[in-house]
Each structure stands twice: as C-alpha cells, then as structure tokens.
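Before any comments, here is the structure.
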Amino acid sequence: MSTIHTYDELKPLDMHNLQFDIAAERLNIQPWILEKIKHPRREFVVRFPMRYDDGRVELLTGYRVQHNTLRGPAKGGIRYHPQVDLDEVRALAALMTWKCAVANIPFGGAKGGVQCDPTSMSPQEVERLTRRYIWEISPFIGPDQDIPAPDVNTNPQVMAWIVDTYSVFRGHTCNSVVTGKPLELGGTLGRLTATAQGLAYVLEEAAKIRKISLSDATAAIQGFGNVGSNAAYILENDLGVKVIAVSDVHGGIYNPRGLSIRAVKDWVNRTGSVINYPDADTITNEELLVLPCDILVPAALENQITKKNAEKVQARIILEGANGPTTPFADEILEGNGILVIPDILANAGGVTVSYFEWVQNIQKLFWTESDVKAKLRMVMTKAFYDVYDLASREKVSMRTAAYMLAIERVAEAKILRGIFP
Ligand code: NAD
C-alpha cells in the first residue's frame, strides 16, 4: 500500500480506488484497460422539485451511475438516504461491477440514489419522490440497459412504483426494468431473503475451512433491515448460530444467552426499532462491532470497521452483508489478527444473483419454485466462494484482494474480447 496516505478513509470512493489498486498491482493487465474499468462509464445527476404533503417544495438531487456494462446490462440498487452523494454512488456502482463478475452473472454494475431522509416522509411523499426520480432517469434505464433494485430505504413497494412509472413512460407494461418487485408484479420467490441466504451459504463454507461448528457459534449483526434482520433469522433458525446482538440506526441490543430473532422482529414491527427490547441490554453500534463473538455481520452502511476500531474486533469471521463496511486500512489489521473477512463483493452477492434469476424469469415468462431459486443460489455462491478462496490461497492474499483480482480479470477479459470502437 505504497500510496495509502493519499486516500481518505472516510470516503467510500477513495476506499474503492485503493482496493482496486491493491488488486490491480498483482495483475498483468494493460494500464489503459485498468484505467477504463476502474472508473464509471457514465453518470447522471438529476435535480427536481419535490412537493411535501404540507405544501412545502424542496429541490432534491438524485444520481444514477453506470459503472460498467462490458459483461451485460448495468445492475444495482437505489438508495434513499441523507448521506447519498455522487462519490458514494460511484463507489457503490463499482462494487456492483465487481460483485456481478465474482458471482459470474452477465451484468455490469450501477447504483442510484436520492439525497433525502425518507424516514421523515409519508408513503405518499416517498411515492412522489420515486416517480419523479425514475421519470428523470427513464431514458437511461431498461431491461437491457440498466436494471435498478432495492437498497437502503427502498423496498418492493418502491420497485412497484418504478415498474408503473417506467411502463407509463414506455407505453406498455415492462416489469423486467427492476428486480426486487412484489410477486404479483413478476417478482421472484426468494428475493426478499436472497442476500441473507447468500450470506448463510458462504458462511457455511467459511466455517468448514475455519473449523468452526456453527451450532456452537455466536454472532453479532449490525443493521436490522432487509439484510440484517433476515441474516439474523437464517443464522439462528437454519444454521443454529446463537445471535447475541443486533442493532439499527437507533442503537443495539445484547443478550449473551442469545436473542429470539422472531421475537425481536415482532418487537420491531410494533415499535419501529430494536431498542428497548425487553430481554436484552442496550449497547451502541460501536460496542456491537467489538463484542466477543465468532461471527460479525456488518449489515448497515459503509466505513464501520476502520483503523480506529479494527484492533478491538474480537470476531473470528467478518461476513460483510453491507457494501463497503470495512476499509482497506482495517483489513490489514484484521488480517494481521487472523480474522477471516468475507468481502462484500462475494458475501452479499446473493441479492444480485437472485435479481438475475428474477430478470431471467421475467424474460422467459416462466416462474421457478422457491427451492429451485435456493438451489441455484447455493450453487452460484459456493462456486464464487471457492473461486475466491482458491485464488487467495494460491496468491497468498486476502479474500478481498482475491475477489477483486478475479473480478478485474473477468471484466478486463471482456474488454479485450470486445475490442475498441470504432
Ligand atoms: P435497509 O434499509 O433494509 O436496512 C438498513 C438497516 O441499517 C436498518 O436497520 C437501519 O436502521 C440500519 N442503519 C442505518 N444507518 C445506520 C447506522 N448509521 N448505524 C447502524 N445501523 C444503521 O437496507 P438493506 O437493504 O438491509 O441494506 C443494508 C446494507 O446491505 C447496505 O450496505 C446495502 O448496500 C447492502 N446490501 C443490500 C442488499 C439488498 O438486497 N437489499 C444486497 C447487497 C447489499
């Protein structure tokens, strides 16, 4: 990491660029190809007025970045969050390119977002925001062009509004423009839990390698949204892991004897947060990350494990549900301490993999059973895990560097084969 001092640990795009350079240094790829695939292919910034229920009007900014389309249409979620900015979207779009390449599915990478606070909006306001943002980017998305999906603070209902808005714009119903849709609109069985299920499949393989018995293991999980809550449930109920701590944006809860995730989910449905759950102690998000446990699952936002706290992490495996939760600076410390980090672009690829299955089913107009979806997902995740693990072992690098090496090679190969236009 010779140029490490020029990167800012708090900036996801800097962390992506640093990690790209660490992997690229080990590959024999022409510099112009590396330069091309490191940066986004194209970026859209849209500004539009948003009318709130009380009549107030505010100007919002939205983004859609198509990082790469060499291996197929751009693919990636849409995030509504106050922290969304162009650099964050660029970093997340790049991660999608590498993730699709690691999973070896025929998509490129994209990401979108609107800088806003949807938690203070009514459903009607979120609908108006979604329809206007999608109308703004409609010319640039489509089933063969760029296919959005849910991310932080967006869900199947938001995807349904996207289907409707895009279909009105095109003049015919087009449900393959997004994935993560409700079943009634062409969604797939298994999509809601796909990212968490994929995490569980790679965890099973990692546990074998690290000789950890999952039924005797403990886990702490940061974030209790789509990824975190479903991961907590699957780890507890399917793998027999004792989940000792979970958290959300308001704080965390901890019970060393284990939490009943079903009961915590009920509590969240009633109160809106995990905090004040009766059968646990209160902890902060920072405390959760450094609890004594076997498996730590960051499943909230970027830059949670940094050089500030990495030394204090006690888990044996970090399973990255979130995108970009660990910085390369932290990676060095964790690796030195013998902690196995299963990187985002491998660990949480289950979501985009089942999105790919959804897109295939939409195009074929033929739907699969949930057990078909799960069996195919397990195959993809297990193959990706061993592709990365074998490369990491051969090259004596971390799983993250190996995953980037594999992905960069696959995308670079597509560029070499396609050549230069004109
Ligand atoms: P979500 O909106 O469903 O849930 C996010 C969770 O994180 C919520 O519990 C929220 O309270 C919590 N949170 C937000 N800010 C926080 C903070 N500062 N500290 C602690 N907790 C905080 O989102 P999601 O879809 O579960 O996504 C979570 C992460 O997983 C993101 O990094 C996302 O990019 C990544 N991811 C999601 C998918 C997917 O299929 N949804 C797929 C791959 C990766």
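Starting from 1 in every chain, residues are counted up; chains themselves are A, B, ... following the order of the structure tokens, and ligands are numbered from 1 as listed.
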
Chain A near ligand 1 within 6 Å: what's each residue's closest atom pair and its distance in Å to one decimal, counting only C-alpha atoms and all ligand atoms, ordered by chain then ascending residue number, as a tab-separated table?
residue	atom	partner	partner_atom_place_in_ligand_line	distance
A:Pro150	CA	ligand 1	41 (N)	5.6
A:Asp151	CA	ligand 1	25 (O)	4.3
A:Val152	CA	ligand 1	2 (O)	3.5
A:Asn153	CA	ligand 1	2 (O)	3.8
A:Thr195	CA	ligand 1	40 (O)	5.1
A:Gly223	CA	ligand 1	7 (O)	3.8
A:Phe224	CA	ligand 1	9 (O)	3.6
A:Gly225	CA	ligand 1	4 (O)	3.2
A:Asn226	CA	ligand 1	26 (O)	3.7
A:Val227	CA	ligand 1	26 (O)	3.8
A:Gly228	CA	ligand 1	26 (O)	5.7
A:Asp248	CA	ligand 1	11 (O)	3.8
A:Val249	CA	ligand 1	22 (C)	3.6
A:Asn285	CA	ligand 1	20 (C)	5.9
A:Ala299	CA	ligand 1	29 (C)	4.7
A:Ala300	CA	ligand 1	7 (O)	3.8
A:Leu301	CA	ligand 1	32 (O)	4.4
A:Gly321	CA	ligand 1	30 (O)	5.2
A:Ala322	CA	ligand 1	32 (O)	3.4
A:Asn323	CA	ligand 1	32 (O)	4.2
A:Asn348	CA	ligand 1	43 (C)	4.9
A:Gly351	CA	ligand 1	40 (O)	4.4

Output N, CA, C and O atoms for every residue in the selection just made, as a CSV table (one decimal), in the first residue's frame.
chain,number,residue,atom,x,y,z
A,150,PRO,N,-33.8,-2.8,-5.0
A,150,PRO,CA,-33.8,-2.2,-3.7
A,150,PRO,C,-32.5,-2.0,-3.1
A,150,PRO,O,-31.6,-2.8,-3.3
A,151,ASP,N,-32.3,-1.0,-2.3
A,151,ASP,CA,-31.1,-0.9,-1.4
A,151,ASP,C,-31.6,-0.2,-0.2
A,151,ASP,O,-32.8,-0.3,0.1
A,152,VAL,N,-30.7,0.5,0.5
A,152,VAL,CA,-31.1,1.1,1.8
A,152,VAL,C,-32.4,2.0,1.6
A,152,VAL,O,-32.4,2.9,0.8
A,153,ASN,N,-33.4,1.8,2.4
A,153,ASN,CA,-34.6,2.6,2.5
A,153,ASN,C,-35.5,2.5,1.2
A,153,ASN,O,-36.4,3.3,1.0
A,195,THR,N,-30.2,-12.0,-0.2
A,195,THR,CA,-28.9,-11.5,0.2
A,195,THR,C,-28.5,-12.2,1.5
A,195,THR,O,-27.4,-12.7,1.6
A,223,GLY,N,-27.3,-3.6,11.9
A,223,GLY,CA,-28.3,-3.3,10.9
A,223,GLY,C,-29.4,-4.3,10.9
A,223,GLY,O,-29.1,-5.5,11.0
A,224,PHE,N,-30.6,-3.9,11.0
A,224,PHE,CA,-31.7,-4.8,11.1
A,224,PHE,C,-32.8,-4.5,10.1
A,224,PHE,O,-34.0,-4.5,10.3
A,225,GLY,N,-32.3,-4.3,8.8
A,225,GLY,CA,-33.2,-4.1,7.7
A,225,GLY,C,-33.3,-5.3,6.9
A,225,GLY,O,-33.3,-6.4,7.5
A,226,ASN,N,-33.5,-5.2,5.6
A,226,ASN,CA,-33.6,-6.4,4.8
A,226,ASN,C,-32.5,-7.4,5.0
A,226,ASN,O,-32.8,-8.6,5.3
A,227,VAL,N,-31.3,-6.9,4.9
A,227,VAL,CA,-30.1,-7.9,5.0
A,227,VAL,C,-29.9,-8.3,6.4
A,227,VAL,O,-29.9,-9.6,6.7
A,228,GLY,N,-29.8,-7.4,7.4
A,228,GLY,CA,-29.5,-7.8,8.8
A,228,GLY,C,-30.6,-8.6,9.4
A,228,GLY,O,-30.2,-9.6,10.1
A,248,ASP,N,-29.9,-1.2,15.0
A,248,ASP,CA,-30.3,-0.4,13.9
A,248,ASP,C,-29.8,1.0,14.1
A,248,ASP,O,-28.9,1.2,15.0
A,249,VAL,N,-30.3,1.9,13.3
A,249,VAL,CA,-29.8,3.3,13.3
A,249,VAL,C,-30.0,3.9,14.7
A,249,VAL,O,-29.2,4.8,15.1
A,285,ASN,N,-24.0,1.0,18.6
A,285,ASN,CA,-23.5,0.4,17.4
A,285,ASN,C,-22.0,0.1,17.4
A,285,ASN,O,-21.5,-0.9,16.9
A,299,ALA,N,-24.2,-5.1,8.5
A,299,ALA,CA,-25.3,-5.1,7.5
A,299,ALA,C,-26.0,-3.8,7.5
A,299,ALA,O,-27.2,-3.7,7.4
A,300,ALA,N,-25.2,-2.7,7.7
A,300,ALA,CA,-25.9,-1.4,7.7
A,300,ALA,C,-25.3,-0.5,6.6
A,300,ALA,O,-25.7,-0.6,5.4
A,301,LEU,N,-24.2,0.3,6.9
A,301,LEU,CA,-23.6,1.2,5.9
A,301,LEU,C,-22.1,1.0,5.8
A,301,LEU,O,-21.5,0.1,6.4
A,321,GLY,N,-22.4,-8.2,5.0
A,321,GLY,CA,-23.7,-8.0,4.5
A,321,GLY,C,-23.8,-6.7,3.8
A,321,GLY,O,-24.4,-6.5,2.7
A,322,ALA,N,-23.3,-5.6,4.4
A,322,ALA,CA,-23.3,-4.3,3.9
A,322,ALA,C,-22.3,-4.2,2.7
A,322,ALA,O,-21.4,-5.0,2.6
A,323,ASN,N,-22.4,-3.1,2.0
A,323,ASN,CA,-21.4,-2.8,1.0
A,323,ASN,C,-20.4,-1.8,1.6
A,323,ASN,O,-20.7,-0.8,2.1
A,348,ASN,N,-22.2,-10.7,-0.1
A,348,ASN,CA,-23.6,-10.3,-0.2
A,348,ASN,C,-24.1,-10.3,-1.7
A,348,ASN,O,-25.1,-9.7,-2.1
A,351,GLY,N,-28.0,-11.3,-3.3
A,351,GLY,CA,-29.1,-10.4,-3.7
A,351,GLY,C,-29.1,-10.2,-5.2
A,351,GLY,O,-30.2,-10.4,-5.9

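For Ala149 in chain A, the list of residues within 10 Å, based on only C-alpha atoms and with local chain neighbours fewer than 3 positions off taken out, reads A:Lys75, A:Gly76, A:Gly77, A:Ile78, A:Arg79, A:Lys111, A:Gly112, A:Thr154, A:Asn155, A:Pro156, A:Val158, A:Met159, A:Ile162, A:Val177, A:Val178, A:Thr179, A:Gly180, A:Lys181, A:Gly351, A:Val352, A:Ser355.
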
Can you spit out the residues from that selection as an mmCIF file, in the first residue's frame, using N, CA and C atoms?
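Dumped everything to result.cif:
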data_model
loop_
_atom_site.group_PDB
_atom_site.id
_atom_site.type_symbol
_atom_site.label_atom_id
_atom_site.label_comp_id
_atom_site.auth_asym_id
_atom_site.auth_seq_id
_atom_site.Cartn_x
_atom_site.Cartn_y
_atom_site.Cartn_z
ATOM 1 N N LYS A 75 -26.381 -3.016 -13.457
ATOM 2 C CA LYS A 75 -27.307 -3.557 -12.450
ATOM 3 C C LYS A 75 -26.924 -3.014 -11.084
ATOM 4 N N GLY A 76 -27.915 -2.548 -10.334
ATOM 5 C CA GLY A 76 -27.600 -2.082 -8.979
ATOM 6 C C GLY A 76 -28.762 -1.353 -8.340
ATOM 7 N N GLY A 77 -28.736 -1.267 -7.045
ATOM 8 C CA GLY A 77 -29.869 -0.776 -6.260
ATOM 9 C C GLY A 77 -30.023 0.738 -6.273
ATOM 10 N N ILE A 78 -31.105 1.157 -5.637
ATOM 11 C CA ILE A 78 -31.405 2.578 -5.450
ATOM 12 C C ILE A 78 -31.511 2.836 -3.955
ATOM 13 N N ARG A 79 -30.792 3.857 -3.497
ATOM 14 C CA ARG A 79 -30.739 4.171 -2.067
ATOM 15 C C ARG A 79 -31.340 5.545 -1.813
ATOM 16 N N LYS A 111 -25.436 2.012 -9.703
ATOM 17 C CA LYS A 111 -26.091 2.342 -8.431
ATOM 18 C C LYS A 111 -26.798 3.662 -8.612
ATOM 19 N N GLY A 112 -27.845 3.849 -7.821
ATOM 20 C CA GLY A 112 -28.561 5.116 -7.870
ATOM 21 C C GLY A 112 -28.946 5.548 -6.477
ATOM 22 N N THR A 154 -35.239 1.486 0.363
ATOM 23 C CA THR A 154 -36.171 1.208 -0.739
ATOM 24 C C THR A 154 -36.574 -0.261 -0.655
ATOM 25 N N ASN A 155 -37.757 -0.594 -1.133
ATOM 26 C CA ASN A 155 -38.307 -1.931 -0.908
ATOM 27 C C ASN A 155 -39.191 -2.353 -2.084
ATOM 28 N N PRO A 156 -39.844 -3.520 -2.009
ATOM 29 C CA PRO A 156 -40.666 -3.962 -3.140
ATOM 30 C C PRO A 156 -41.750 -2.955 -3.551
ATOM 31 N N VAL A 158 -41.535 0.289 -3.481
ATOM 32 C CA VAL A 158 -40.854 1.310 -4.299
ATOM 33 C C VAL A 158 -40.589 0.742 -5.700
ATOM 34 N N MET A 159 -40.210 -0.550 -5.760
ATOM 35 C CA MET A 159 -39.962 -1.174 -7.066
ATOM 36 C C MET A 159 -41.256 -1.202 -7.894
ATOM 37 N N ILE A 162 -41.779 1.996 -9.485
ATOM 38 C CA ILE A 162 -40.834 2.150 -10.609
ATOM 39 C C ILE A 162 -41.386 1.439 -11.848
ATOM 40 N N VAL A 177 -37.820 -4.119 -15.887
ATOM 41 C CA VAL A 177 -36.952 -2.947 -15.717
ATOM 42 C C VAL A 177 -36.337 -2.878 -14.322
ATOM 43 N N VAL A 178 -36.968 -3.546 -13.341
ATOM 44 C CA VAL A 178 -36.382 -3.596 -11.988
ATOM 45 C C VAL A 178 -36.499 -5.012 -11.441
ATOM 46 N N THR A 179 -35.686 -5.306 -10.451
ATOM 47 C CA THR A 179 -35.840 -6.563 -9.704
ATOM 48 C C THR A 179 -36.133 -6.213 -8.241
ATOM 49 N N GLY A 180 -36.487 -7.252 -7.489
ATOM 50 C CA GLY A 180 -36.904 -6.996 -6.113
ATOM 51 C C GLY A 180 -38.350 -6.524 -6.077
ATOM 52 N N LYS A 181 -39.118 -6.887 -7.116
ATOM 53 C CA LYS A 181 -40.529 -6.481 -7.199
ATOM 54 C C LYS A 181 -41.403 -7.373 -6.321
ATOM 55 N N GLY A 351 -28.043 -11.268 -3.280
ATOM 56 C CA GLY A 351 -29.134 -10.373 -3.689
ATOM 57 C C GLY A 351 -29.142 -10.181 -5.194
ATOM 58 N N VAL A 352 -27.983 -9.828 -5.749
ATOM 59 C CA VAL A 352 -27.954 -9.566 -7.192
ATOM 60 C C VAL A 352 -28.076 -10.877 -7.978
ATOM 61 N N SER A 355 -31.639 -11.478 -8.138
ATOM 62 C CA SER A 355 -32.160 -10.457 -9.063
ATOM 63 C C SER A 355 -31.964 -10.919 -10.497
#

Minimum-distance residue to Tyr80 in chain A, chosen among A:Phe169, A:Tyr133, A:Phe48, A:Trp98 (using only C-alpha atoms) | A:Tyr133

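Comparing A:Pro31, A:Pro292, A:Pro325, A:Gly109 by their smallest distance to Glu43 in chain A, the closest is A:Gly109 (using only C-alpha atoms).
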
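Going from CA of Ile244 in chain A to CA of Gly258 in chain A covers 4.5 Å.
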
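Close contacts of Glu127 in chain A, defined as residues with an atom at most 9 Å away when counting only C-alpha atoms, with chain neighbours fewer than 5 positions off set aside, comprise Ser122, Arg132, Gln157, Val158 and Trp161 of chain A.
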
Would you output that residue set with N, CA, C and O atoms, as a PDB file, in the first residue's frame?
ATOM      1  N   SER A 122     -43.978  10.757   4.405  1.00  0.00           N
ATOM      2  CA  SER A 122     -45.172   9.896   4.353  1.00  0.00           C
ATOM      3  C   SER A 122     -45.012   8.951   3.156  1.00  0.00           C
ATOM      4  O   SER A 122     -44.230   9.240   2.233  1.00  0.00           O
ATOM      5  N   ARG A 132     -40.901  10.744  -9.651  1.00  0.00           N
ATOM      6  CA  ARG A 132     -40.219  11.841 -10.330  1.00  0.00           C
ATOM      7  C   ARG A 132     -38.752  11.471 -10.633  1.00  0.00           C
ATOM      8  O   ARG A 132     -38.242  11.715 -11.725  1.00  0.00           O
ATOM      9  N   GLN A 157     -42.339  -2.244  -2.599  1.00  0.00           N
ATOM     10  CA  GLN A 157     -43.357  -1.246  -2.968  1.00  0.00           C
ATOM     11  C   GLN A 157     -42.732  -0.149  -3.848  1.00  0.00           C
ATOM     12  O   GLN A 157     -43.317   0.275  -4.849  1.00  0.00           O
ATOM     13  N   VAL A 158     -41.535   0.289  -3.481  1.00  0.00           N
ATOM     14  CA  VAL A 158     -40.854   1.310  -4.299  1.00  0.00           C
ATOM     15  C   VAL A 158     -40.589   0.742  -5.700  1.00  0.00           C
ATOM     16  O   VAL A 158     -40.763   1.426  -6.710  1.00  0.00           O
ATOM     17  N   TRP A 161     -43.693   0.993  -7.815  1.00  0.00           N
ATOM     18  CA  TRP A 161     -43.907   2.345  -8.378  1.00  0.00           C
ATOM     19  C   TRP A 161     -42.964   2.582  -9.555  1.00  0.00           C
ATOM     20  O   TRP A 161     -43.309   3.258 -10.511  1.00  0.00           O
TER      21      TRP A 161
END

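Across the structure, CA of Glu9 in chain A and CA of Pro328 in chain A are spaced 8.4 Å apart.
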
Can you pull out every residue within 9 Å of Leu95 in chain A, counting only C-alpha atoms, but drop anything in the same chain fewer than 3 positions away, and send it as a PyMOL selection string?
-> chain A and resi 16+67+90-92+98-100+109-110+323-324+344-345

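Shortest atom-to-atom contact with Asp8 in chain A among A:Asn276, A:Gln304, A:Thr327, A:Gln314: A:Thr327, counting only C-alpha atoms.
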
I want to know what sits within 8 Å of Val46 in chain A, based on only C-alpha atoms, with residues of the same chain fewer than 2 positions away left out; could you give that as an mmCIF file with N, CA and C atoms, in the first residue's frame?
data_model
loop_
_atom_site.group_PDB
_atom_site.id
_atom_site.type_symbol
_atom_site.label_atom_id
_atom_site.label_comp_id
_atom_site.auth_asym_id
_atom_site.auth_seq_id
_atom_site.Cartn_x
_atom_site.Cartn_y
_atom_site.Cartn_z
ATOM 1 N N PHE A 44 -25.291 10.079 -14.263
ATOM 2 C CA PHE A 44 -26.393 11.026 -14.450
ATOM 3 C C PHE A 44 -26.701 11.687 -13.114
ATOM 4 N N PHE A 48 -34.635 17.908 -9.100
ATOM 5 C CA PHE A 48 -36.079 18.043 -9.356
ATOM 6 C C PHE A 48 -36.783 18.559 -8.103
ATOM 7 N N THR A 61 -31.716 16.184 -5.170
ATOM 8 C CA THR A 61 -30.728 15.728 -6.160
ATOM 9 C C THR A 61 -30.690 14.212 -6.156
ATOM 10 N N GLY A 62 -30.766 13.644 -7.358
ATOM 11 C CA GLY A 62 -30.684 12.185 -7.498
ATOM 12 C C GLY A 62 -29.533 11.827 -8.429
ATOM 13 N N TYR A 63 -29.101 10.578 -8.333
ATOM 14 C CA TYR A 63 -27.955 10.123 -9.122
ATOM 15 C C TYR A 63 -28.243 8.745 -9.710
ATOM 16 N N TYR A 133 -38.095 10.838 -9.650
ATOM 17 C CA TYR A 133 -36.689 10.433 -9.854
ATOM 18 C C TYR A 133 -36.592 9.448 -11.030
ATOM 19 N N GLU A 136 -37.043 11.035 -14.325
ATOM 20 C CA GLU A 136 -35.830 11.769 -14.720
ATOM 21 C C GLU A 136 -34.779 10.839 -15.341
ATOM 22 N N ILE A 137 -34.673 9.602 -14.804
ATOM 23 C CA ILE A 137 -33.615 8.717 -15.326
ATOM 24 C C ILE A 137 -34.164 7.680 -16.329
#

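If you look at CA of Leu129 in chain A and CA of Asp53 in chain A, they are 11.7 Å away from each other.
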
Return as JSON, numbers by chain the full set of residues in range 175-330 of chain A whose backbone-based DSSP assignment is helix (DSSP H, G or I).
-> {"A": [175, 176, 177, 183, 184, 185, 194, 195, 196, 197, 198, 199, 200, 201, 202, 203, 204, 205, 206, 207, 208, 209, 214, 215, 216, 226, 227, 228, 229, 230, 231, 232, 233, 234, 235, 236, 237, 261, 262, 263, 264, 265, 266, 267, 268, 269, 270, 271, 285, 286, 287, 288, 289, 310, 311, 312, 328, 329, 330]}

Give me the residues within 9 Å of range 376-393 of chain A as a VMD selection string, counting only C-alpha atoms and dropping any in the same chain fewer than 5 places off.
-> chain A and resid 102 to 105 194 197 to 199 201 to 202 205 to 206 342 346 to 347 349 to 350 353 to 354 357 371 398 to 406

Just-selected residues, N, CA, C and O atoms written as a short mmCIF file (atom, residue, chain, number, x, y, z; two decimals), in the first residue's frame:
data_model
loop_
_atom_site.label_atom_id
_atom_site.label_comp_id
_atom_site.auth_asym_id
_atom_site.auth_seq_id
_atom_site.Cartn_x
_atom_site.Cartn_y
_atom_site.Cartn_z
N VAL A 102 -17.67 -11.47 -9.79
CA VAL A 102 -17.30 -12.54 -8.86
C VAL A 102 -18.35 -13.66 -8.90
O VAL A 102 -18.02 -14.84 -8.94
N ALA A 103 -19.62 -13.27 -8.92
CA ALA A 103 -20.69 -14.28 -8.97
C ALA A 103 -20.80 -14.87 -10.38
O ALA A 103 -21.51 -15.86 -10.58
N ASN A 104 -20.13 -14.24 -11.32
CA ASN A 104 -20.11 -14.67 -12.73
C ASN A 104 -21.50 -14.65 -13.35
O ASN A 104 -21.90 -15.59 -14.03
N ILE A 105 -22.23 -13.57 -13.09
CA ILE A 105 -23.53 -13.38 -13.74
C ILE A 105 -23.38 -12.27 -14.79
O ILE A 105 -22.55 -11.37 -14.62
N ALA A 194 -32.85 -13.13 -0.27
CA ALA A 194 -31.74 -13.66 -1.07
C ALA A 194 -30.36 -13.24 -0.56
O ALA A 194 -29.43 -14.06 -0.51
N GLN A 197 -29.68 -15.10 2.59
CA GLN A 197 -29.50 -16.53 2.30
C GLN A 197 -28.11 -16.78 1.69
O GLN A 197 -27.42 -17.74 2.04
N GLY A 198 -27.72 -15.88 0.80
CA GLY A 198 -26.38 -15.99 0.20
C GLY A 198 -25.29 -15.86 1.26
O GLY A 198 -24.28 -16.59 1.23
N LEU A 199 -25.50 -14.96 2.22
CA LEU A 199 -24.53 -14.82 3.32
C LEU A 199 -24.41 -16.15 4.07
O LEU A 199 -23.31 -16.60 4.41
N TYR A 201 -25.01 -19.16 2.95
CA TYR A 201 -24.33 -20.20 2.15
C TYR A 201 -22.81 -20.03 2.21
O TYR A 201 -22.08 -21.01 2.35
N VAL A 202 -22.33 -18.79 2.08
CA VAL A 202 -20.86 -18.64 2.13
C VAL A 202 -20.35 -18.86 3.55
O VAL A 202 -19.24 -19.38 3.74
N GLU A 205 -19.52 -22.46 4.15
CA GLU A 205 -18.23 -22.89 3.59
C GLU A 205 -17.07 -22.34 4.42
O GLU A 205 -16.10 -23.06 4.69
N ALA A 206 -17.18 -21.08 4.81
CA ALA A 206 -16.10 -20.46 5.60
C ALA A 206 -15.92 -21.18 6.94
O ALA A 206 -14.80 -21.38 7.41
N ILE A 342 -14.87 -12.05 4.87
CA ILE A 342 -15.50 -12.48 3.61
C ILE A 342 -16.08 -11.21 2.99
O ILE A 342 -17.04 -10.63 3.52
N LEU A 346 -18.26 -10.64 -2.55
CA LEU A 346 -18.55 -12.08 -2.55
C LEU A 346 -19.74 -12.37 -1.62
O LEU A 346 -20.75 -12.94 -2.03
N ALA A 347 -19.62 -11.93 -0.36
CA ALA A 347 -20.57 -12.35 0.67
C ALA A 347 -22.01 -11.95 0.38
O ALA A 347 -22.93 -12.76 0.57
N ALA A 349 -23.40 -11.14 -2.52
CA ALA A 349 -23.78 -11.28 -3.93
C ALA A 349 -25.08 -12.06 -4.12
O ALA A 349 -25.60 -12.14 -5.24
N GLY A 350 -25.63 -12.63 -3.06
CA GLY A 350 -26.88 -13.40 -3.18
C GLY A 350 -28.03 -12.54 -3.68
O GLY A 350 -28.89 -13.01 -4.43
N THR A 353 -27.65 -11.97 -7.38
CA THR A 353 -27.77 -13.26 -8.08
C THR A 353 -29.25 -13.63 -8.25
O THR A 353 -29.69 -14.01 -9.34
N VAL A 354 -30.02 -13.46 -7.16
CA VAL A 354 -31.45 -13.77 -7.30
C VAL A 354 -32.17 -12.70 -8.13
O VAL A 354 -33.14 -12.98 -8.82
N PHE A 357 -31.83 -14.02 -11.41
CA PHE A 357 -32.84 -15.08 -11.63
C PHE A 357 -34.22 -14.46 -11.93
O PHE A 357 -34.97 -14.97 -12.76
N SER A 371 -37.61 -23.58 -4.07
CA SER A 371 -36.47 -24.50 -3.88
C SER A 371 -35.54 -24.48 -5.09
O SER A 371 -34.33 -24.63 -4.94
N SER A 398 -5.47 -11.65 0.75
CA SER A 398 -6.73 -11.73 1.50
C SER A 398 -7.86 -12.13 0.54
O SER A 398 -7.73 -12.00 -0.69
N MET A 399 -8.97 -12.57 1.13
CA MET A 399 -10.14 -12.91 0.31
C MET A 399 -10.61 -11.67 -0.47
O MET A 399 -11.08 -11.79 -1.60
N ARG A 400 -10.48 -10.48 0.12
CA ARG A 400 -10.95 -9.29 -0.61
C ARG A 400 -10.07 -9.03 -1.84
O ARG A 400 -10.58 -8.82 -2.93
N THR A 401 -8.75 -9.08 -1.63
CA THR A 401 -7.87 -8.82 -2.77
C THR A 401 -8.08 -9.88 -3.85
O THR A 401 -8.14 -9.57 -5.05
N ALA A 402 -8.26 -11.13 -3.43
CA ALA A 402 -8.50 -12.20 -4.41
C ALA A 402 -9.81 -11.96 -5.16
O ALA A 402 -9.88 -12.14 -6.39
N ALA A 403 -10.85 -11.54 -4.45
CA ALA A 403 -12.14 -11.30 -5.10
C ALA A 403 -12.01 -10.18 -6.14
O ALA A 403 -12.53 -10.28 -7.25
N TYR A 404 -11.30 -9.11 -5.77
CA TYR A 404 -11.08 -8.02 -6.73
C TYR A 404 -10.25 -8.49 -7.92
O TYR A 404 -10.53 -8.15 -9.07
N MET A 405 -9.21 -9.30 -7.64
CA MET A 405 -8.37 -9.79 -8.74
C MET A 405 -9.20 -10.59 -9.74
O MET A 405 -9.12 -10.40 -10.95
N LEU A 406 -10.01 -11.48 -9.20
CA LEU A 406 -10.87 -12.33 -10.05
C LEU A 406 -11.82 -11.46 -10.88
O LEU A 406 -11.96 -11.64 -12.10
#

Neighbour list for Tyr166 in chain A as a PyMOL selection string, cut-off 10 Å, only C-alpha atoms, skip fewer than 3 positions in-chain | chain A and resi 131+134-135+137-139+141-142+160-163+169-175+177-178

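For the choices A:Arg26, A:Ala196, A:Leu291, A:Ser176, the atom-to-atom distance to Lys396 in chain A is smallest for A:Arg26 when using only C-alpha atoms.
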
Step one, run DSSP on the backbone; step two, keep only residues of range 192-337 of chain A assigned to strand (DSSP E); then write them as a PyMOL selection string.
-> chain A and resi 218-222+242-248+251-254+281-283+295-298+317-319
